[in-house]
Structures are given as C-alpha cells and as structure tokens.
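Peer 1: Pasting target25.tsv below, which is TSV, C-alpha atoms.
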chain	number	residue	atom	x	y	z
E	1	MET	CA	0.00	0.00	0.00
E	2	THR	CA	2.81	2.40	0.79
E	3	SER	CA	5.92	2.96	-1.26
E	4	ARG	CA	9.05	5.07	-1.02
E	5	ILE	CA	7.53	7.68	-3.35
E	6	ILE	CA	4.48	8.20	-1.12
E	7	LYS	CA	6.64	8.41	2.00
E	8	THR	CA	9.01	10.99	0.53
E	9	ILE	CA	6.33	13.19	-1.03
E	10	SER	CA	4.10	13.12	2.06
E	11	ARG	CA	7.04	13.94	4.33
E	12	THR	CA	7.67	17.02	2.20
E	13	ILE	CA	4.09	18.18	1.75
E	14	ILE	CA	2.52	17.52	5.16
E	15	PRO	CA	4.01	20.61	6.92
E	16	PHE	CA	2.62	22.84	4.18
E	17	ILE	CA	-0.82	21.23	4.52
E	18	PHE	CA	-0.72	21.88	8.27
E	19	LEU	CA	0.38	25.47	7.69
E	20	PHE	CA	-2.38	26.12	5.18
E	21	GLY	CA	-5.00	24.58	7.48
E	22	ALA	CA	-3.80	26.65	10.45
E	23	TYR	CA	-3.94	29.77	8.29
E	24	MET	CA	-7.49	28.95	7.27
E	25	ILE	CA	-8.54	28.47	10.91
E	26	LEU	CA	-6.76	31.48	12.41
E	27	PHE	CA	-7.58	33.95	9.62
E	28	GLY	CA	-11.11	32.71	9.01
E	29	HIS	CA	-12.73	35.93	10.18
E	30	ILE	CA	-10.79	38.31	7.93
E	31	SER	CA	-10.28	36.22	4.80
E	32	PRO	CA	-12.11	33.46	2.94
E	33	GLY	CA	-12.08	30.24	4.91
E	34	GLY	CA	-13.24	29.26	8.35
E	35	GLY	CA	-12.97	26.71	11.08
E	36	PHE	CA	-14.70	23.85	9.31
E	37	GLN	CA	-12.65	24.06	6.12
E	38	GLY	CA	-9.37	24.51	7.98
E	39	GLY	CA	-10.12	21.57	10.24
E	40	VAL	CA	-10.81	19.34	7.25
E	41	ILE	CA	-7.52	20.43	5.62
E	42	VAL	CA	-5.49	19.65	8.78
E	43	SER	CA	-7.22	16.28	9.09
E	44	MET	CA	-6.30	15.54	5.46
E	45	GLY	CA	-2.66	16.05	6.41
E	46	ILE	CA	-2.99	13.59	9.29
E	47	ILE	CA	-4.78	11.08	7.03
E	48	LEU	CA	-2.00	11.41	4.46
E	49	ALA	CA	0.54	10.60	7.18
E	50	VAL	CA	-1.50	7.56	8.20
E	51	VAL	CA	-1.71	6.39	4.57
E	52	ALA	CA	2.03	6.76	4.09
E	53	TYR	CA	3.38	5.45	7.39
E	54	GLY	CA	0.67	3.08	8.61
E	55	GLU	CA	-1.96	3.55	11.27
E	56	ASP	CA	0.35	2.66	14.15
E	57	ILE	CA	1.49	6.29	14.41
E	58	ILE	CA	-2.03	7.46	15.29
E	59	GLU	CA	-3.50	4.38	16.97
E	60	ARG	CA	-2.04	5.11	20.41
E	61	TYR	CA	-3.58	8.61	20.51
E	62	LYS	CA	-7.12	7.43	19.83
E	63	SER	CA	-8.50	8.08	23.31
E	64	GLU	CA	-6.96	11.58	23.35
E	65	ILE	CA	-8.53	12.39	19.96
E	66	THR	CA	-11.91	11.19	21.25
E	67	LEU	CA	-11.49	13.41	24.32
E	68	VAL	CA	-10.72	16.42	22.09
E	69	GLU	CA	-13.83	15.66	20.05
E	70	ILE	CA	-16.07	15.58	23.12
E	71	LEU	CA	-14.46	18.68	24.69
E	72	GLY	CA	-14.92	20.56	21.41
E	73	VAL	CA	-18.69	20.26	21.67
E	74	ALA	CA	-18.59	21.31	25.33
E	75	PHE	CA	-16.32	24.30	24.67
E	76	PHE	CA	-18.52	25.48	21.79
E	77	ILE	CA	-21.58	25.49	24.06
E	78	PHE	CA	-19.58	27.25	26.81
E	79	ALA	CA	-18.44	29.87	24.29
E	80	GLY	CA	-22.10	30.43	23.51
E	81	LEU	CA	-22.80	30.85	27.22
E	82	ILE	CA	-20.31	33.74	27.36
E	83	GLY	CA	-22.98	35.81	25.65
E	84	ILE	CA	-25.28	35.20	28.61
E	85	PHE	CA	-22.57	36.11	31.15
E	86	VAL	CA	-21.92	39.49	29.52
E	87	GLY	CA	-25.60	40.34	29.61
E	88	LYS	CA	-26.75	39.46	26.11
E	89	SER	CA	-28.50	36.42	24.71
E	90	PHE	CA	-27.15	32.95	23.92
E	91	PHE	CA	-24.57	33.04	21.06
E	92	SER	CA	-24.94	36.80	20.80
E	93	SER	CA	-22.13	38.92	19.44
E	94	PHE	CA	-19.09	39.21	21.70
E	95	ASN	CA	-16.43	39.86	19.04
E	96	ALA	CA	-14.79	36.47	19.48
E	97	ILE	CA	-15.44	34.79	16.16
E	98	TRP	CA	-11.77	33.70	16.03
E	99	LEU	CA	-12.35	31.72	19.26
E	100	LEU	CA	-15.32	29.90	17.76
E	101	ASN	CA	-13.27	29.26	14.61
E	102	ILE	CA	-10.44	27.66	16.60
E	103	ILE	CA	-12.85	25.48	18.57
E	104	ILE	CA	-14.66	24.34	15.43
E	105	GLY	CA	-11.38	23.70	13.62
E	106	VAL	CA	-9.90	21.49	16.33
E	107	LYS	CA	-13.15	19.62	16.78
E	108	VAL	CA	-13.77	18.98	13.08
E	109	CYS	CA	-10.16	17.88	12.60
E	110	SER	CA	-10.39	15.29	15.37
E	111	GLY	CA	-13.81	14.21	14.10
E	112	ILE	CA	-12.66	13.52	10.54
E	113	VAL	CA	-9.58	11.66	11.81
E	114	LEU	CA	-11.84	9.52	14.01
E	115	PHE	CA	-14.06	8.76	11.01
E	116	TYR	CA	-11.03	7.64	9.04
E	117	MET	CA	-9.61	5.54	11.87
E	118	LEU	CA	-12.92	3.79	12.44
E	119	PHE	CA	-13.32	2.91	8.76
E	120	ILE	CA	-9.70	2.08	7.80
E	121	ARG	CA	-9.52	-0.85	10.20
E	122	TRP	CA	-11.75	-3.00	8.00
E	123	GLU	CA	-9.53	-2.30	5.00
E	124	TYR	CA	-6.54	-3.84	6.80
E	125	ILE	CA	-8.63	-6.76	7.97
E	126	ASP	CA	-9.67	-7.54	4.40
E	127	ASN	CA	-6.09	-7.35	3.16
E	128	ASP	CA	-4.67	-9.71	5.77
M	1	MET	CA	-54.86	1.11	-1.23
M	2	LYS	CA	-57.05	3.82	-2.71
M	3	LYS	CA	-58.63	4.59	0.63
M	4	ASN	CA	-55.22	4.76	2.30
M	5	MET	CA	-53.99	7.31	-0.24
M	6	LEU	CA	-57.10	9.45	0.28
M	7	PHE	CA	-56.55	9.34	4.03
M	8	ASN	CA	-52.91	10.41	3.61
M	9	LEU	CA	-53.99	13.28	1.37
M	10	PHE	CA	-56.51	14.35	4.01
M	11	VAL	CA	-53.82	14.29	6.71
M	12	LEU	CA	-51.51	16.32	4.47
M	13	LEU	CA	-54.21	18.94	3.90
M	14	VAL	CA	-54.98	19.23	7.62
M	15	LEU	CA	-51.31	19.53	8.60
M	16	GLY	CA	-50.67	22.08	5.86
M	17	PHE	CA	-53.66	24.11	7.00
M	18	PHE	CA	-52.44	24.20	10.60
M	19	GLY	CA	-48.91	25.06	9.50
M	20	PHE	CA	-50.27	27.93	7.43
M	21	ILE	CA	-52.29	29.15	10.43
M	22	VAL	CA	-49.19	29.03	12.65
M	23	ILE	CA	-47.08	30.95	10.14
M	24	ILE	CA	-49.73	33.63	9.58
M	25	SER	CA	-50.47	34.06	13.28
M	26	THR	CA	-46.77	34.31	14.13
M	27	GLN	CA	-46.11	36.90	11.49
M	28	LEU	CA	-49.19	38.90	12.48
M	29	SER	CA	-48.37	38.74	16.18
M	30	TYR	CA	-44.96	40.28	15.50
M	31	SER	CA	-46.74	42.70	13.14
M	32	THR	CA	-44.06	42.30	10.51
M	33	ASP	CA	-44.36	42.77	6.80
M	34	LEU	CA	-44.75	39.38	5.13
M	35	THR	CA	-42.73	40.47	2.12
M	36	SER	CA	-39.80	41.98	4.01
M	37	ILE	CA	-36.33	40.62	3.29
M	38	ILE	CA	-33.79	40.12	6.09
M	39	SER	CA	-30.74	39.49	3.93
M	40	THR	CA	-30.16	43.19	3.31
M	41	TYR	CA	-29.89	43.65	7.09
M	42	TYR	CA	-27.05	41.10	7.20
M	43	VAL	CA	-25.19	42.78	4.36
M	44	GLU	CA	-25.43	46.22	5.95
M	45	ASN	CA	-24.74	45.27	9.60
M	46	PHE	CA	-22.29	42.35	9.60
M	47	SER	CA	-19.33	44.57	10.49
M	48	PHE	CA	-20.30	44.91	14.17
M	49	THR	CA	-19.65	41.19	14.68
M	50	GLY	CA	-15.91	41.78	14.34
M	51	ALA	CA	-15.52	39.79	11.14
M	52	LEU	CA	-14.62	41.06	7.70
M	53	ASN	CA	-15.82	37.84	6.08
M	54	ILE	CA	-19.60	37.96	5.73
M	55	VAL	CA	-19.95	34.19	5.39
M	56	VAL	CA	-18.25	33.59	8.75
M	57	ALA	CA	-20.20	36.49	10.27
M	58	ILE	CA	-23.49	34.85	9.30
M	59	LEU	CA	-22.39	31.29	10.21
M	60	LEU	CA	-20.94	32.09	13.62
M	61	ASP	CA	-22.95	35.10	14.75
M	62	PHE	CA	-26.36	35.49	13.14
M	63	ARG	CA	-26.86	31.77	12.60
M	64	ALA	CA	-24.75	30.29	15.40
M	65	TYR	CA	-27.48	27.82	16.28
M	66	ASP	CA	-27.09	26.33	12.82
M	67	THR	CA	-23.37	25.82	13.42
M	68	LEU	CA	-24.11	24.25	16.81
M	69	GLY	CA	-26.42	21.76	15.11
M	70	GLU	CA	-23.82	21.06	12.46
M	71	ILE	CA	-21.24	20.25	15.14
M	72	LEU	CA	-23.71	18.04	17.00
M	73	VAL	CA	-24.46	16.16	13.76
M	74	ILE	CA	-20.78	15.18	13.41
M	75	PHE	CA	-20.61	14.23	17.09
M	76	VAL	CA	-23.73	12.03	16.92
M	77	THR	CA	-22.51	10.44	13.70
M	78	ILE	CA	-19.18	9.48	15.25
M	79	SER	CA	-21.00	8.11	18.30
M	80	GLY	CA	-23.22	5.97	16.07
M	81	ILE	CA	-20.32	4.64	13.99
M	82	SER	CA	-18.38	3.80	17.15
M	83	LEU	CA	-21.44	1.97	18.44
M	84	LEU	CA	-21.90	-0.01	15.23
M	85	ILE	CA	-18.40	-0.97	14.06
M	86	GLY	CA	-16.14	-0.06	16.98
M	87	ARG	CA	-14.39	-2.58	19.17
M	88	LYS	CA	-15.01	-2.82	22.87
M	89	ASP	CA	-11.50	-1.75	23.84
M	90	ASP	CA	-11.42	1.26	21.55
M	91	PHE	CA	-12.39	4.28	23.51
Rewrite the structure of this file - the entire thing - as structure tokens.
Peer 2:
Amino acid sequence: MTSRIIKTISRTIIPFIFLFGAYMILFGHISPGGGFQGGVIVSMGIILAVVAYGEDIIERYKSEITLVEILGVAFFIFAGLIGIFVGKSFFSSFNAIWLLNIIIGVKVCSGIVLFYMLFIRWEYIDND
Amino acid sequence: MKKNMLFNLFVLLVLGFFGFIVIISTQLSYSTDLTSIISTYYVENFSFTGALNIVVAILLDFRAYDTLGEILVIFVTISGISLLIGRKDDF
C-alpha cells in the first residue's frame, strides 16, 4: 500500500498542509475560509501521514482524539454561554469569532480523523 | 390502497392548514411585513460582529445555532459509527 515515493512526497508536503490549514482556521474571520474548512484540511494532512506510514502512528492517541472531540462540543456550548454572562442572549455577538473558529477547527479535525480511523480498520482486515 | 392514499392526502391537507395558520399568526403577532427581506440587514450590519468575512459572520454570529447543530451532527454520527463498528477496547 505504501511505497518510497508516497513516504518521501508526504514527508515534504505535510508541513505545508498543516500550515495552510492553520492559516485557514486562524484567519477565518478576515479572509475566505473558516474553522470547518481549515479543520478538514489539517485532518487531510494527518490522514496522508497515516496512509504513508501506517496507522500505528495514530492508533495510540485514539482516546486523546476522542477526548478532544467531546471537549470541542462542550467548549462550543460554553463559548455560547459567554454571551449570557456578559448580559446578552445565547450566542450573541461578543467579538470572538476567532475563538469559535479555533474550537470548530480542532473539533472537526479530530472528528474527521476519528471517522477515518474507524473505517480504515476493515480495510486492513480484508487485506490480511 | 385507494382509501389509504385518500386518508394520507386528508392528513396532508390538515397539517398544511395548521402550519399555514401558525405561520400567519406568528407573522401577524410580530406585526411584521410578510414580504420583508432580512438578507439586506445582514449585508449592511455584519461589520459589528468583528468579522470582515460575511460568510463567517453569518455562520458564527447570526446563525450560530445552525453551526451548533452542524457540530452536534458530526458528534452524533461518530457516536453511532463507534457503536456499530467499533471494538469494545477502543475508547
């Protein structure tokens, strides 16, 4: 499944994918992009690493990724509650769209990686 | 078969009638114009949200509930997939 070409090219290109995804997340409020798209791009970099180097490099972090996924939902709801604490309504404007973008980006990234890890297992089972 | 279809059509008409009543009564109770358009409000006032990107301003400020539902959809989907094809020692 993997070859030396895939390993070399992915080792070169993965830092640029991470950089582009981080740019999309962090600059989502002043340029085209956003948390969801940036999270998907970062997760594509992780999936490319798993394709090239095998799923053993990500398998040991599975419980941490699941924890990030669950905490992302909780932090998004808490960020909505900030609007109540400053005297406005739920999810009202508090000039922190970058915060919501970062939360959504991290959460979507971990979610797509979890999707991939749950489905790729059956591919290896069929090949063995 | 024929009678069942007629009954379904009757149910559809009744539900549509009540939905129409709800929509009309809601709009009249807020005394809004039924033909008013809200999208021009977004275009003119999205700058006070702190974003220069109008798409992000609508997604994360005016329609933040929609984004919350979108996030919960992914979360529930991952929970269902883990339930169906996950191993017991996974998570």
Peer 1: Residues at most 12 Å from Pro15 (chain E), counting all atoms listed in the file, excluding those fewer than 2 positions away in the same chain, as a PDB file with C-alpha atoms, in the coordinates of the input?
Peer 2:
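The result, stored in out.pdb:
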ATOM      1  CA  ILE E   9       6.330  13.190  -1.030  1.00  0.00           C
ATOM      2  CA  SER E  10       4.100  13.120   2.060  1.00  0.00           C
ATOM      3  CA  ARG E  11       7.040  13.940   4.330  1.00  0.00           C
ATOM      4  CA  THR E  12       7.670  17.020   2.200  1.00  0.00           C
ATOM      5  CA  ILE E  13       4.090  18.180   1.750  1.00  0.00           C
ATOM      6  CA  ILE E  17      -0.820  21.230   4.520  1.00  0.00           C
ATOM      7  CA  PHE E  18      -0.720  21.880   8.270  1.00  0.00           C
ATOM      8  CA  LEU E  19       0.380  25.470   7.690  1.00  0.00           C
ATOM      9  CA  PHE E  20      -2.380  26.120   5.180  1.00  0.00           C
ATOM     10  CA  GLY E  21      -5.000  24.580   7.480  1.00  0.00           C
ATOM     11  CA  ALA E  22      -3.800  26.650  10.450  1.00  0.00           C
ATOM     12  CA  ILE E  41      -7.520  20.430   5.620  1.00  0.00           C
ATOM     13  CA  VAL E  42      -5.490  19.650   8.780  1.00  0.00           C
ATOM     14  CA  MET E  44      -6.300  15.540   5.460  1.00  0.00           C
ATOM     15  CA  GLY E  45      -2.660  16.050   6.410  1.00  0.00           C
ATOM     16  CA  ILE E  46      -2.990  13.590   9.290  1.00  0.00           C
ATOM     17  CA  LEU E  48      -2.000  11.410   4.460  1.00  0.00           C
ATOM     18  CA  ALA E  49       0.540  10.600   7.180  1.00  0.00           C
TER      19      ALA E  49
END
Peer 1: Using all atoms listed in the file, pick whichever of M:Ile37, M:Ile23, M:Ile74, M:Val56 has the shortest atom-to-atom distance to Val73 (chain E).
Peer 2: M:Ile74
Peer 1: Excluding Val76 (chain M) and its own-chain neighbours fewer than 5 positions away, which residues fall within 12 Å of it when counting only C-alpha atoms? Please give them as an MDAnalysis selection string.
Peer 2: (chainID E and resid 69:70 73 111 115) or (chainID M and resid 69:71 81:83)
Peer 1: Write out, as a PDB file, in the coordinates of the input, the residues just selected, with C-alpha atoms.
Peer 2:
ATOM      1  CA  GLU E  69     -13.830  15.660  20.050  1.00  0.00           C
ATOM      2  CA  ILE E  70     -16.070  15.580  23.120  1.00  0.00           C
ATOM      3  CA  VAL E  73     -18.690  20.260  21.670  1.00  0.00           C
ATOM      4  CA  GLY E 111     -13.810  14.210  14.100  1.00  0.00           C
ATOM      5  CA  PHE E 115     -14.060   8.760  11.010  1.00  0.00           C
TER       6      PHE E 115
ATOM      7  CA  GLY M  69     -26.420  21.760  15.110  1.00  0.00           C
ATOM      8  CA  GLU M  70     -23.820  21.060  12.460  1.00  0.00           C
ATOM      9  CA  ILE M  71     -21.240  20.250  15.140  1.00  0.00           C
ATOM     10  CA  ILE M  81     -20.320   4.640  13.990  1.00  0.00           C
ATOM     11  CA  SER M  82     -18.380   3.800  17.150  1.00  0.00           C
ATOM     12  CA  LEU M  83     -21.440   1.970  18.440  1.00  0.00           C
TER      13      LEU M  83
END
Peer 1: Using all atoms listed in the file, I'd like a table of the residues in chain E that come within 6 Å of chain M; for each, show the closest atom pair and its distance in Å rounded to one decimal, ordered by chain and ascending number, as a Markdown table.
Peer 2:
| residue | atom | partner | partner_atom | distance |
| --- | --- | --- | --- | --- |
| E:His29 | CA | M:Ala51 | CA | 4.9 |
| E:Ile30 | CA | M:Leu52 | CA | 4.7 |
| E:Ser31 | CA | M:Asn53 | CA | 5.9 |
| E:Ser63 | CA | M:Phe91 | CA | 5.4 |
| E:Ser93 | CA | M:Thr49 | CA | 5.8 |
| E:Asn95 | CA | M:Gly50 | CA | 5.1 |
Peer 1: Calculate, to one decimal in Å, the centre and edge lengths of the box along x, y and z of the file that holds all listed atoms of region 16-25 of chain M with 4 Å of margin on each side, and present them as lines of an AutoDock Vina configuration file.
Peer 2:
center_x = -50.4
center_y = 28.1
center_z = 9.6
size_x = 14.6
size_y = 20.0
size_z = 15.4
Peer 1: Please indicate the distance in Å from CA of Val113 (chain E) to CA of Ile47 (chain E), rounded to one decimal place.
Peer 2: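 Those two atoms sit 6.8 Å apart.
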Peer 1: Hey, what's within 9 Å of Ile104 (chain E) if we count all atoms listed in the file and toss same-chain stuff fewer than 5 positions away? As a PyMOL selection string, please?
Peer 2: (chain E and resi 25+34-36+39+72-73+76+99+109) or (chain M and resi 71)
Peer 1: Take CA of Phe85 (chain E) and CA of Asn45 (chain M) and report the distance between them in Å, one decimal.
Peer 2: 23.5 Å
Peer 1: Figure out the distance between CA of Gly87 (chain E) and CA of Gly28 (chain E), please, to one decimal in Å.
Peer 2: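 Atom-to-atom, CA of Gly28 (chain E) and CA of Gly87 (chain E) are spaced 26.3 Å apart.
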